[in-house]
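Colleague: Following this line is entry22.cif, made up of mmCIF, C-alpha atoms; chains and numbers go by the auth columns:
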data_coords
#
loop_
_atom_site.group_PDB
_atom_site.id
_atom_site.type_symbol
_atom_site.label_atom_id
_atom_site.label_comp_id
_atom_site.label_asym_id
_atom_site.label_seq_id
_atom_site.Cartn_x
_atom_site.Cartn_y
_atom_site.Cartn_z
_atom_site.B_iso_or_equiv
_atom_site.auth_seq_id
_atom_site.auth_asym_id
ATOM 1 C CA MET A 1 22.431 162.227 -171.562 0.00 1 W
ATOM 2 C CA ILE A 2 20.235 161.432 -168.587 0.00 2 W
ATOM 3 C CA THR A 3 19.054 157.887 -167.959 0.00 3 W
ATOM 4 C CA PHE A 4 16.089 156.918 -165.798 0.00 4 W
ATOM 5 C CA ASN A 5 15.406 153.450 -164.505 0.00 5 W
ATOM 6 C CA MET A 6 11.770 152.709 -163.938 0.00 6 W
ATOM 7 C CA LYS A 7 10.224 149.632 -162.483 0.00 7 W
ATOM 8 C CA ARG A 8 6.604 148.939 -163.099 0.00 8 W
ATOM 9 C CA LYS A 9 4.630 146.570 -161.007 0.00 9 W
ATOM 10 C CA LEU A 10 2.226 144.474 -163.011 0.00 10 W
ATOM 11 C CA THR A 11 -0.711 142.964 -161.268 0.00 11 W
ATOM 12 C CA GLY A 12 -2.163 139.640 -162.211 0.00 12 W
ATOM 13 C CA THR A 13 0.955 138.404 -163.947 0.00 13 W
ATOM 14 C CA PRO A 14 3.278 135.742 -162.635 0.00 14 W
ATOM 15 C CA ALA A 15 6.497 137.612 -163.315 0.00 15 W
ATOM 16 C CA ALA A 16 7.352 141.244 -162.787 0.00 16 W
ATOM 17 C CA ALA A 17 8.069 143.337 -165.860 0.00 17 W
ATOM 18 C CA PRO A 18 11.697 144.111 -166.514 0.00 18 W
ATOM 19 C CA PRO A 19 12.889 147.642 -165.691 0.00 19 W
ATOM 20 C CA GLN A 20 12.621 150.139 -168.604 0.00 20 W
ATOM 21 C CA THR A 21 15.224 152.701 -169.508 0.00 21 W
ATOM 22 C CA ILE A 22 14.084 156.047 -170.956 0.00 22 W
ATOM 23 C CA VAL A 23 16.700 158.234 -172.577 0.00 23 W
ATOM 24 C CA VAL A 24 15.971 161.997 -172.613 0.00 24 W
ATOM 25 C CA GLN A 25 18.460 164.436 -174.031 0.00 25 W
ATOM 26 C CA ALA A 26 18.778 167.919 -172.648 0.00 26 W
ATOM 27 C CA GLY A 27 16.549 170.389 -174.576 0.00 27 W
ATOM 28 C CA GLU A 28 14.177 167.720 -175.891 0.00 28 W
ATOM 29 C CA THR A 29 10.494 168.087 -175.336 0.00 29 W
ATOM 30 C CA ASP A 30 7.614 165.716 -175.351 0.00 30 W
ATOM 31 C CA LYS A 31 6.564 165.073 -178.982 0.00 31 W
ATOM 32 C CA SER A 32 2.865 165.167 -178.118 0.00 32 W
ATOM 33 C CA LYS A 33 3.150 168.811 -177.061 0.00 33 W
ATOM 34 C CA GLU A 34 5.047 170.056 -180.133 0.00 34 W
ATOM 35 C CA THR A 35 3.413 173.012 -181.833 0.00 35 W
ATOM 36 C CA PHE A 36 3.639 174.730 -185.188 0.00 36 W
ATOM 37 C CA LEU A 37 5.673 177.958 -185.057 0.00 37 W
ATOM 38 C CA GLY A 38 5.497 177.856 -181.267 0.00 38 W
ATOM 39 C CA LEU A 39 1.716 178.322 -181.280 0.00 39 W
ATOM 40 C CA ASN A 40 -0.631 176.516 -178.950 0.00 40 W
ATOM 41 C CA PRO A 41 -3.191 174.118 -180.495 0.00 41 W
ATOM 42 C CA PHE A 42 -5.983 176.732 -180.538 0.00 42 W
ATOM 43 C CA GLU A 43 -3.808 179.287 -182.348 0.00 43 W
ATOM 44 C CA THR A 44 -2.686 176.618 -184.815 0.00 44 W
ATOM 45 C CA THR A 45 -6.316 175.750 -185.586 0.00 45 W
ATOM 46 C CA VAL A 46 -7.200 179.409 -186.087 0.00 46 W
ATOM 47 C CA LEU A 47 -4.178 179.823 -188.379 0.00 47 W
ATOM 48 C CA LYS A 48 -5.266 176.808 -190.454 0.00 48 W
ATOM 49 C CA TYR A 49 -8.772 178.238 -190.918 0.00 49 W
ATOM 50 C CA VAL A 50 -7.491 181.719 -191.774 0.00 50 W
ATOM 51 C CA VAL A 51 -5.059 180.372 -194.372 0.00 51 W
ATOM 52 C CA GLY A 52 -7.765 178.095 -195.772 0.00 52 W
ATOM 53 C CA GLY A 53 -10.201 181.013 -195.988 0.00 53 W
ATOM 54 C CA VAL A 54 -7.669 183.191 -197.782 0.00 54 W
ATOM 55 C CA VAL A 55 -7.005 180.411 -200.284 0.00 55 W
ATOM 56 C CA VAL A 56 -10.723 179.867 -200.915 0.00 56 W
ATOM 57 C CA VAL A 57 -11.513 183.580 -201.282 0.00 57 W
ATOM 58 C CA GLY A 58 -8.502 184.076 -203.556 0.00 58 W
ATOM 59 C CA GLY A 59 -9.597 181.154 -205.715 0.00 59 W
ATOM 60 C CA VAL A 60 -13.137 182.466 -205.983 0.00 60 W
ATOM 61 C CA LEU A 61 -11.923 185.946 -206.925 0.00 61 W
ATOM 62 C CA LEU A 62 -9.535 184.514 -209.482 0.00 62 W
ATOM 63 C CA LEU A 63 -12.225 182.356 -211.050 0.00 63 W
ATOM 64 C CA THR A 64 -14.870 185.092 -211.092 0.00 64 W
ATOM 65 C CA GLY A 65 -12.347 187.513 -212.570 0.00 65 W
ATOM 66 C CA LYS A 66 -11.557 185.030 -215.316 0.00 66 W
ATOM 67 C CA VAL A 67 -15.239 184.342 -215.921 0.00 67 W
ATOM 68 C CA SER A 68 -16.220 188.021 -215.959 0.00 68 W
ATOM 69 C CA GLY A 69 -13.287 188.808 -218.245 0.00 69 W
ATOM 70 C CA TRP A 70 -14.420 186.057 -220.569 0.00 70 W
ATOM 71 C CA ILE A 71 -18.001 187.367 -220.484 0.00 71 W
ATOM 72 C CA ASP A 72 -16.861 190.959 -221.119 0.00 72 W
ATOM 73 C CA GLY A 73 -14.740 189.747 -224.011 0.00 73 W
ATOM 74 C CA LYS A 74 -17.709 187.917 -225.502 0.00 74 W
ATOM 75 C CA GLN A 75 -19.932 190.995 -225.064 0.00 75 W
ATOM 76 C CA LEU A 76 -17.378 193.205 -226.800 0.00 76 W
ATOM 77 C CA GLU A 77 -16.962 190.654 -229.572 0.00 77 W
ATOM 78 C CA ASN A 78 -20.762 190.492 -229.969 0.00 78 W
ATOM 79 C CA HIS A 79 -20.978 194.307 -229.976 0.00 79 W
ATOM 80 C CA LEU A 80 -18.282 194.598 -232.639 0.00 80 W
ATOM 81 C CA GLU A 81 -20.065 192.024 -234.778 0.00 81 W
ATOM 82 C CA LYS A 82 -23.386 193.889 -234.475 0.00 82 W
ATOM 83 C CA SER A 83 -21.764 197.285 -234.948 0.00 83 W
ATOM 84 C CA SER A 84 -20.520 196.329 -238.386 0.00 84 W
ATOM 85 C CA GLN A 85 -24.131 196.293 -239.632 0.00 85 W
ATOM 86 C CA VAL A 86 -24.756 199.807 -240.927 0.00 86 W
ATOM 87 C CA GLY A 87 -27.933 201.308 -239.497 0.00 87 W
ATOM 88 C CA SER A 88 -28.080 199.121 -236.374 0.00 88 W
ATOM 89 C CA PRO A 89 -28.148 200.751 -232.917 0.00 89 W
ATOM 90 C CA ASP A 90 -24.753 199.154 -232.179 0.00 90 W
ATOM 91 C CA TYR A 91 -23.366 200.752 -235.326 0.00 91 W
ATOM 92 C CA TYR A 92 -24.515 204.222 -234.266 0.00 92 W
ATOM 93 C CA ALA A 93 -23.181 203.657 -230.707 0.00 93 W
ATOM 94 C CA ARG A 94 -19.748 202.678 -232.038 0.00 94 W
ATOM 95 C CA GLU A 95 -19.669 205.601 -234.457 0.00 95 W
ATOM 96 C CA LEU A 96 -20.543 208.055 -231.676 0.00 96 W
ATOM 97 C CA GLU A 97 -17.795 206.619 -229.438 0.00 97 W
ATOM 98 C CA ASP A 98 -15.337 206.948 -232.328 0.00 98 W
ATOM 99 C CA ALA A 99 -16.422 210.569 -232.836 0.00 99 W
ATOM 100 C CA PHE A 100 -15.916 211.301 -229.124 0.00 100 W
ATOM 101 C CA ASN A 101 -12.374 209.888 -229.161 0.00 101 W
ATOM 102 C CA VAL A 102 -10.798 211.699 -232.093 0.00 102 W
ATOM 103 C CA THR A 103 -7.396 213.140 -231.268 0.00 103 W
ATOM 104 C CA ALA A 104 -6.832 216.404 -233.075 0.00 104 W
ATOM 105 C CA TRP A 105 -5.355 219.829 -232.376 0.00 105 W
ATOM 106 C CA TYR A 106 -8.823 221.328 -231.878 0.00 106 W
ATOM 107 C CA GLY A 107 -10.042 218.811 -229.265 0.00 107 W
ATOM 108 C CA ASN A 108 -11.107 215.245 -228.650 0.00 108 W
ATOM 109 C CA THR A 109 -14.520 215.283 -230.317 0.00 109 W
ATOM 110 C CA ASP A 110 -15.364 215.427 -233.999 0.00 110 W
ATOM 111 C CA ARG A 111 -18.514 217.543 -233.640 0.00 111 W
ATOM 112 C CA GLU A 112 -19.395 217.354 -237.351 0.00 112 W
ATOM 113 C CA LYS A 113 -19.306 213.555 -237.232 0.00 113 W
ATOM 114 C CA VAL A 114 -21.554 213.539 -234.132 0.00 114 W
ATOM 115 C CA GLU A 115 -24.018 215.804 -235.942 0.00 115 W
ATOM 116 C CA THR A 116 -23.936 213.592 -239.064 0.00 116 W
ATOM 117 C CA ILE A 117 -24.571 210.454 -236.985 0.00 117 W
ATOM 118 C CA LEU A 118 -27.447 212.042 -235.080 0.00 118 W
ATOM 119 C CA LEU A 119 -29.033 213.184 -238.343 0.00 119 W
ATOM 120 C CA ALA A 120 -28.751 209.616 -239.699 0.00 120 W
ATOM 121 C CA ILE A 121 -30.656 208.069 -236.781 0.00 121 W
ATOM 122 C CA PRO A 122 -34.199 207.583 -238.152 0.00 122 W
ATOM 123 C CA SER A 123 -36.384 207.839 -235.025 0.00 123 W
ATOM 124 C CA GLN A 124 -36.522 208.359 -231.278 0.00 124 W
ATOM 125 C CA ASP A 125 -37.215 204.637 -230.890 0.00 125 W
ATOM 126 C CA VAL A 126 -33.892 203.829 -232.589 0.00 126 W
ATOM 127 C CA TRP A 127 -32.257 206.576 -230.476 0.00 127 W
ATOM 128 C CA ALA A 128 -33.397 204.776 -227.298 0.00 128 W
ATOM 129 C CA LYS A 129 -31.878 201.550 -228.646 0.00 129 W
ATOM 130 C CA VAL A 130 -28.644 203.413 -229.464 0.00 130 W
ATOM 131 C CA GLN A 131 -28.471 204.651 -225.855 0.00 131 W
ATOM 132 C CA ALA A 132 -28.971 201.099 -224.543 0.00 132 W
ATOM 133 C CA ALA A 133 -26.335 199.710 -226.923 0.00 133 W
ATOM 134 C CA TYR A 134 -23.884 202.438 -225.877 0.00 134 W
ATOM 135 C CA VAL A 135 -24.308 201.661 -222.167 0.00 135 W
ATOM 136 C CA LYS A 136 -23.948 197.930 -222.824 0.00 136 W
ATOM 137 C CA ALA A 137 -20.793 198.380 -224.903 0.00 137 W
ATOM 138 C CA TYR A 138 -19.004 201.168 -223.022 0.00 138 W
ATOM 139 C CA ASN A 139 -20.478 201.024 -219.483 0.00 139 W
ATOM 140 C CA LYS A 140 -21.374 204.712 -219.411 0.00 140 W
ATOM 141 C CA PRO A 141 -24.560 206.619 -220.282 0.00 141 W
ATOM 142 C CA LEU A 142 -24.575 208.153 -223.755 0.00 142 W
ATOM 143 C CA LEU A 143 -26.262 211.422 -222.738 0.00 143 W
ATOM 144 C CA THR A 144 -23.732 212.024 -219.967 0.00 144 W
ATOM 145 C CA GLU A 145 -20.896 211.335 -222.394 0.00 145 W
ATOM 146 C CA MET A 146 -22.421 213.672 -224.984 0.00 146 W
ATOM 147 C CA ARG A 147 -22.819 216.464 -222.425 0.00 147 W
ATOM 148 C CA GLU A 148 -19.172 216.073 -221.362 0.00 148 W
ATOM 149 C CA GLU A 149 -17.855 215.883 -224.918 0.00 149 W
ATOM 150 C CA LEU A 150 -20.010 218.543 -226.590 0.00 150 W
ATOM 151 C CA GLY A 151 -20.570 220.920 -223.708 0.00 151 W
ATOM 152 C CA ASP A 152 -23.100 223.728 -223.753 0.00 152 W
ATOM 153 C CA PHE A 153 -21.460 225.950 -226.345 0.00 153 W
ATOM 154 C CA PHE A 154 -23.914 228.251 -228.041 0.00 154 W
ATOM 155 C CA GLY A 155 -23.143 229.850 -231.306 0.00 155 W
ATOM 156 C CA MET A 156 -20.903 228.498 -234.045 0.00 156 W
ATOM 157 C CA MET A 157 -19.985 225.145 -232.454 0.00 157 W
ATOM 158 C CA PHE A 158 -22.277 222.099 -232.380 0.00 158 W
ATOM 159 C CA SER A 159 -23.331 221.771 -228.726 0.00 159 W
ATOM 160 C CA PHE A 160 -25.180 219.301 -226.543 0.00 160 W
ATOM 161 C CA GLN A 161 -28.319 221.434 -226.863 0.00 161 W
ATOM 162 C CA ASP A 162 -28.051 221.274 -230.676 0.00 162 W
ATOM 163 C CA ALA A 163 -27.758 217.489 -230.441 0.00 163 W
ATOM 164 C CA MET A 164 -30.873 217.282 -228.262 0.00 164 W
ATOM 165 C CA ASN A 165 -32.778 219.514 -230.698 0.00 165 W
ATOM 166 C CA ILE A 166 -31.949 217.095 -233.532 0.00 166 W
ATOM 167 C CA ILE A 167 -33.120 214.078 -231.501 0.00 167 W
ATOM 168 C CA ASN A 168 -36.293 215.777 -230.247 0.00 168 W
ATOM 169 C CA LYS A 169 -37.360 216.643 -233.831 0.00 169 W
ATOM 170 C CA LYS A 170 -37.265 213.003 -234.903 0.00 170 W
ATOM 171 C CA PRO A 171 -40.476 210.967 -235.230 0.00 171 W
ATOM 172 C CA ALA A 172 -41.359 208.595 -232.406 0.00 172 W
ATOM 173 C CA LYS A 173 -41.058 205.458 -234.569 0.00 173 W
#
Go through the file and emit its structure as structure tokens.
Modeller:
Amino acid sequence: MITFNMKRKLTGTPAAAPPQTIVVQAGETDKSKETFLGLNPFETTVLKYVVGGVVVVGGVLLLTGKVSGWIDGKQLENHLEKSSQVGSPDYYARELEDAFNVTAWYGNTDREKVETILLAIPSQDVWAKVQAAYVKAYNKPLLTEMREELGDFFGMMFSFQDAMNIINKKPAK
């Protein structure tokens, strides 16, 4: 331990101040210059803002993810409610998706069911609503999905071109 004796001269006072003793242990530093993780004040400030920004961005992403998940859940719930009404565009969209996702030894798509559904759609106006309902429910265009699922087989199998022929023969309204 090192001891320093300091005398301070006070002006304007009748008596001199008593000497002060300051005790400094080896390895100690001035408390006013202490830093976080050995960083200088500028680096500490930058670190605070970076950590704060990460927390804010993470919170926003978490909240928007929760909100969008809630919205998607409500949309799906609404779609399922509408799709239970036989003859509605949502009903036809759900039935087509079900026909595309059949698992069988001969493939993923029940082509006869797709043909039956397309024949049941009354008009091209309803067909346009079915396409909109399909995109809203499944986030993919119906015609693209039909082309991928049915392909361009000509002959004995029901193909994408056959499906388009059925739709194009329907009345406008």
Colleague: So that each row is one residue of range 100-125 of chain W with an atom at most 10 Å from range 143-148 of chain W, can you give its shortest atom pair and the distance in Å to one decimal, using only C-alpha atoms, rows by chain and rising number, as a Markdown table?
Modeller:
| residue | atom | partner | partner_atom | distance |
| --- | --- | --- | --- | --- |
| W:Phe100 | CA | W:Met146 | CA | 8.1 |
| W:Thr109 | CA | W:Met146 | CA | 9.7 |
| W:Val114 | CA | W:Met146 | CA | 9.2 |
Colleague: Given all atoms listed in the file as the basis, pick out the residue of W:Tyr91, W:Phe42, W:Trp127, W:Tyr49 nearest to Asn168 in chain W.
Modeller: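 So, comparing all the options, the nearest one is W:Trp127.
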Colleague: Run the PyMOL selection byres ((chain W and resi 126) around 10) mentally over the shown coordinates, then write out the matched residues as a PDB file with C-alpha atoms, in the frame of the given file, using the chain letters and numbers from the document.
Modeller:
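See part39.pdb below for the written result:
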ATOM      1  CA  GLY W  87     -27.933 201.308-239.497  1.00  0.00           C
ATOM      2  CA  SER W  88     -28.080 199.121-236.374  1.00  0.00           C
ATOM      3  CA  PRO W  89     -28.148 200.751-232.917  1.00  0.00           C
ATOM      4  CA  TYR W  92     -24.515 204.222-234.266  1.00  0.00           C
ATOM      5  CA  ILE W 121     -30.656 208.069-236.781  1.00  0.00           C
ATOM      6  CA  PRO W 122     -34.199 207.583-238.152  1.00  0.00           C
ATOM      7  CA  SER W 123     -36.384 207.839-235.025  1.00  0.00           C
ATOM      8  CA  GLN W 124     -36.522 208.359-231.278  1.00  0.00           C
ATOM      9  CA  ASP W 125     -37.215 204.637-230.890  1.00  0.00           C
ATOM     10  CA  TRP W 127     -32.257 206.576-230.476  1.00  0.00           C
ATOM     11  CA  ALA W 128     -33.397 204.776-227.298  1.00  0.00           C
ATOM     12  CA  LYS W 129     -31.878 201.550-228.646  1.00  0.00           C
ATOM     13  CA  VAL W 130     -28.644 203.413-229.464  1.00  0.00           C
ATOM     14  CA  GLN W 131     -28.471 204.651-225.855  1.00  0.00           C
ATOM     15  CA  ALA W 132     -28.971 201.099-224.543  1.00  0.00           C
ATOM     16  CA  ALA W 172     -41.359 208.595-232.406  1.00  0.00           C
ATOM     17  CA  LYS W 173     -41.058 205.458-234.569  1.00  0.00           C
TER      18      LYS W 173
END
Colleague: For Pro141 in chain W, which residue out of W:Ala93, W:Arg111, W:Val86, W:Val56 is the nearest one, using only C-alpha atoms?
Modeller: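 Smallest distance to Pro141 in chain W is found for W:Ala93.
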Colleague: As a list in words, please: the residues near Leu119 in chain W (cut-off 9 Å, only C-alpha atoms, same-chain neighbours under 6 positions excluded).
Modeller: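 Everything that qualifies: Ile166, Ile167 and Lys170 of chain W.
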